[in-house]
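Working notes for the structure below.
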Amino acid sequence: MITGVPGTSGDGGAGAAGAGPIRLARPDVGADELAAISEVLESGQLTMGPWVETFEEALARAVGTAHAVAVSSGTAALHLAMLALGIGEGDEVIVPAYTFPATANAVELCRGRAVLVDVDPETFLVRPELVAEAVTPRTRAVLAVHLFGRPVEWEELQTAVPQDVPLVEDAAGALGARYRETACGALGLMACLSFHPRKIVTTGEGGAVTTDESELAASIRRLRHHGIAGGTPADIPSPGLNYRLADVLCALGVPQLERLESLLAARERVAGWYEERLAHIVGAPGVSEGDRHGWQAYVVTLDRRDEALAGLRAEGIEAQIGTYAVSALTAYRHRGSFPGADRAYARALALPFAGTMTEDEVDRVATALVRYA
Ligand SMILES: Cc1ncc(COP(=O)(O)O)c(C=O)c1O
C-alpha cells in the first residue's frame, strides 16, 4: 500500500515564498544552529562528545523528566523502548490503527504483536473504550500516540487498562504539547520523541526517549551503544545496537530547544491563520479544553481529499496525506475491522506547515483548498 503513495515524511527542505512552491515543512534554523555546528566541527569530535549531554539536559528540562536519552530517530526510540520493556514472543502491545507505521513496527520487530485499536476519525486519536476491550492477559504495554501533536485523552486511557500495564507515549510529534498541566513526554513510563524535519525541533534525523525511571534510562543508554555497560574493562551483558545521535546533530538541536516556546508560538500563529480561513469549510484540527496542541502538522479532513491533494500539488503546494491506516498495510492486514482508521486515512490532508510560513502563503493554500470543500 505504501507503494505509489508518497511517504508522509517529506524532508522539509527550504522552500520558496511568493508564487513559488510551498514546501510541506520548513525547519526554523539559522545563525544559532550554524554557530553551534561550527563549534562541533572545530572541536574535531563529531560524535560521543559533550553536545549529547547538553542536548539531553535541555530536552529533559523542556519535557520535565529526570532523564532524556538521545537516539538516532523516533523509530530507534520506539524500538529501544520496546526492547527496554523486554517485549518479545507472545507479548501484546496496543497500538492505534491509524499512526505512522513505525509505532507498530517497533513492536513486531521485537517479535511482539501490535494489537491494533481503532481511532476517532475526527481527532485521529485512539478510542480509550476500545483499548479497554483489547486488553488481554498478554497485554504488556500501550503505545499512546499524540498524533500530529494532539495529546491523547490520558486519564481515560489510564482507566482503560489495568494498573500494571504501562502506557508508553509515542510523542514523536508532541514536543511542546501539554495534556492539562503535564507536558507530553512526561506522562507515560517512557516517551519516544522524533526530531525529523517535520517536527518542531529538528536535528535532520534524530529522536529521544524521556523517562523518570533511572533503570530504564540506563537500559536505553546501553542498548543505543552496542549494549556496552560502564566499567573497566567494558562489558556487554546483553547485545545492543548503534542508535547514537552524533554531536553534530545534537548541536543543531540545542538552540532550538532553547527557543522551544517561541517555536511553538509561531506554529500556533500559523495554525490560527489556517483556522480562520478553513474551520467553517473543512474538518479543522482542535485540542481538548485545557490542553495545548504541539502542532507537529496541520491536518484537515475532507471528502474530496484525493482531488484536493492532486489539485494543491498541481499549484506547487506540497500537501500530503495525513498518515497511514496501519491496518490496511500488507504487514498488518487481517487484524479486524477499523472504520475509524479507514475514514481518517481516506480523508486526512496535511497542509504545508511551519512556524516560518507567511500569512500570504497560508492564504494561497486556503484559497486553493476551498475549491475542494
Ligand atoms: C507518530 C510517529 N511515530 C514515530 C515516527 C518515527 O519518527 P522518525 O521519523 O524520527 O523515525 C513518526 C515520524 O513521523 C511519527 O509521526
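Residue numbers start at 1 in each chain; chains themselves are named A, B, ... in the order of the C-alpha cells; ligands are numbered from 1 in the order shown.
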
- Task: Using only C-alpha atoms and all ligand atoms, determine which residues fall within 10 Å of ligand 1, then list them as a PyMOL selection string.
- Result: chain A and resi 7-10+71-79+96+98-106+143-149+169-174+192-199+202-208+296-297+322-324

- Message: Can you tell me which residues surround Arg178 in chain A at a distance of at most 8 Å, considering only C-alpha atoms, apart from same-chain residues fewer than 4 positions away, and format the answer as a PyMOL selection string?
- Response: chain A and resi 151+182-184+291-294

- Message: Residues of range 71-287 of chain A classed as alpha helix (DSSP H) by DSSP on the backbone are to be reported as a PyMOL selection string.
- Response: chain A and resi 74-84+102-108+128-134+154-160+214-224+247-258+260-278

- Message: Residues within 12 Å of Glu108 in chain A, please, as a list in words. Count only C-alpha atoms; anything in the same chain fewer than 3 positions from it doesn't count.
- Response: Leu78, His79, Met82, Leu83, Ile87, Gly88, Glu89, Gly90, Asp91, Glu92, Val93, Ile94, Val95, Pro101, Ala102, Thr103, Ala104, Asn105, Arg111, Gly112, Arg113, Ala114, Val115, Leu116, Ala331 and Tyr332 of chain A

- Query: Contacts of Ala191 in chain A at 8 Å or less, counting only C-alpha atoms, minus same-chain residues fewer than 4 places along, as a count of residues only?
  - Reply: 10

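Residues of range 60-102 of chain A that DSSP places in strand (DSSP E), based on the backbone of this structure, are His67, Ala68, Val69, Ala70, Val71, Glu92, Val93, Ile94, Val95 and Pro96 of chain A.
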
- Distance query Thr123 in chain A at most 12 Å, only C-alpha atoms, self and fewer than 2 positions along chain excluded, as number ranges by chain: A: 98, 118-121, 125-127, 145-153, 283-288, 293, 299-301, 322, 340-341, 343-344, 348

- Message: Between CA of Ser238 in chain A and CA of Ala141 in chain A, what is the distance in Å, rounded to a tenth?
- Response: 22.3 Å

- Item | Near-range 18-35 of chain A list (10 Å; only C-alpha atoms; drop same-chain fewer than 5 positions) as a ChimeraX atom specification | /A:8-13,40-41,196-204,249,251-256,263,266,296-297,312-320,350-358,360-362,364-365

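Separating CA of Val161 in chain A from CA of Ala68 in chain A is a distance of 25.9 Å.
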
- Message: Env of Ala308 in chain A: 7 Å cut, atoms = only C-alpha atoms, seq-sep filter 4 positions within chain, self excluded. Answer as an MDAnalysis selection string.
- Response: chainID A and resid 304 312 369 372

Please produce a file of the residues just selected, as an mmCIF file, in the first residue's frame, where the atoms kept are N, CA and C atoms.
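Written output follows (out.cif):
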```
data_model
loop_
_atom_site.group_PDB
_atom_site.id
_atom_site.type_symbol
_atom_site.label_atom_id
_atom_site.label_comp_id
_atom_site.auth_asym_id
_atom_site.auth_seq_id
_atom_site.Cartn_x
_atom_site.Cartn_y
_atom_site.Cartn_z
ATOM 1 N N ARG A 304 -13.259 15.126 -0.453
ATOM 2 C CA ARG A 304 -12.563 15.097 -1.754
ATOM 3 C C ARG A 304 -11.047 15.219 -1.544
ATOM 4 N N LEU A 312 -3.748 20.728 -5.195
ATOM 5 C CA LEU A 312 -2.771 21.564 -4.496
ATOM 6 C C LEU A 312 -1.378 21.342 -5.071
ATOM 7 N N LEU A 369 -7.469 25.297 -1.487
ATOM 8 C CA LEU A 369 -8.176 24.171 -0.867
ATOM 9 C C LEU A 369 -9.695 24.325 -0.919
ATOM 10 N N TYR A 372 -12.168 22.452 -3.164
ATOM 11 C CA TYR A 372 -12.470 21.017 -2.995
ATOM 12 C C TYR A 372 -13.334 20.730 -1.767
#
```

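Ranking A:Asp342, A:Asp235, A:Glu359, A:Glu129 by their shortest atom-to-atom distance to Ala97 in chain A, with only C-alpha atoms included, puts A:Asp342 first.
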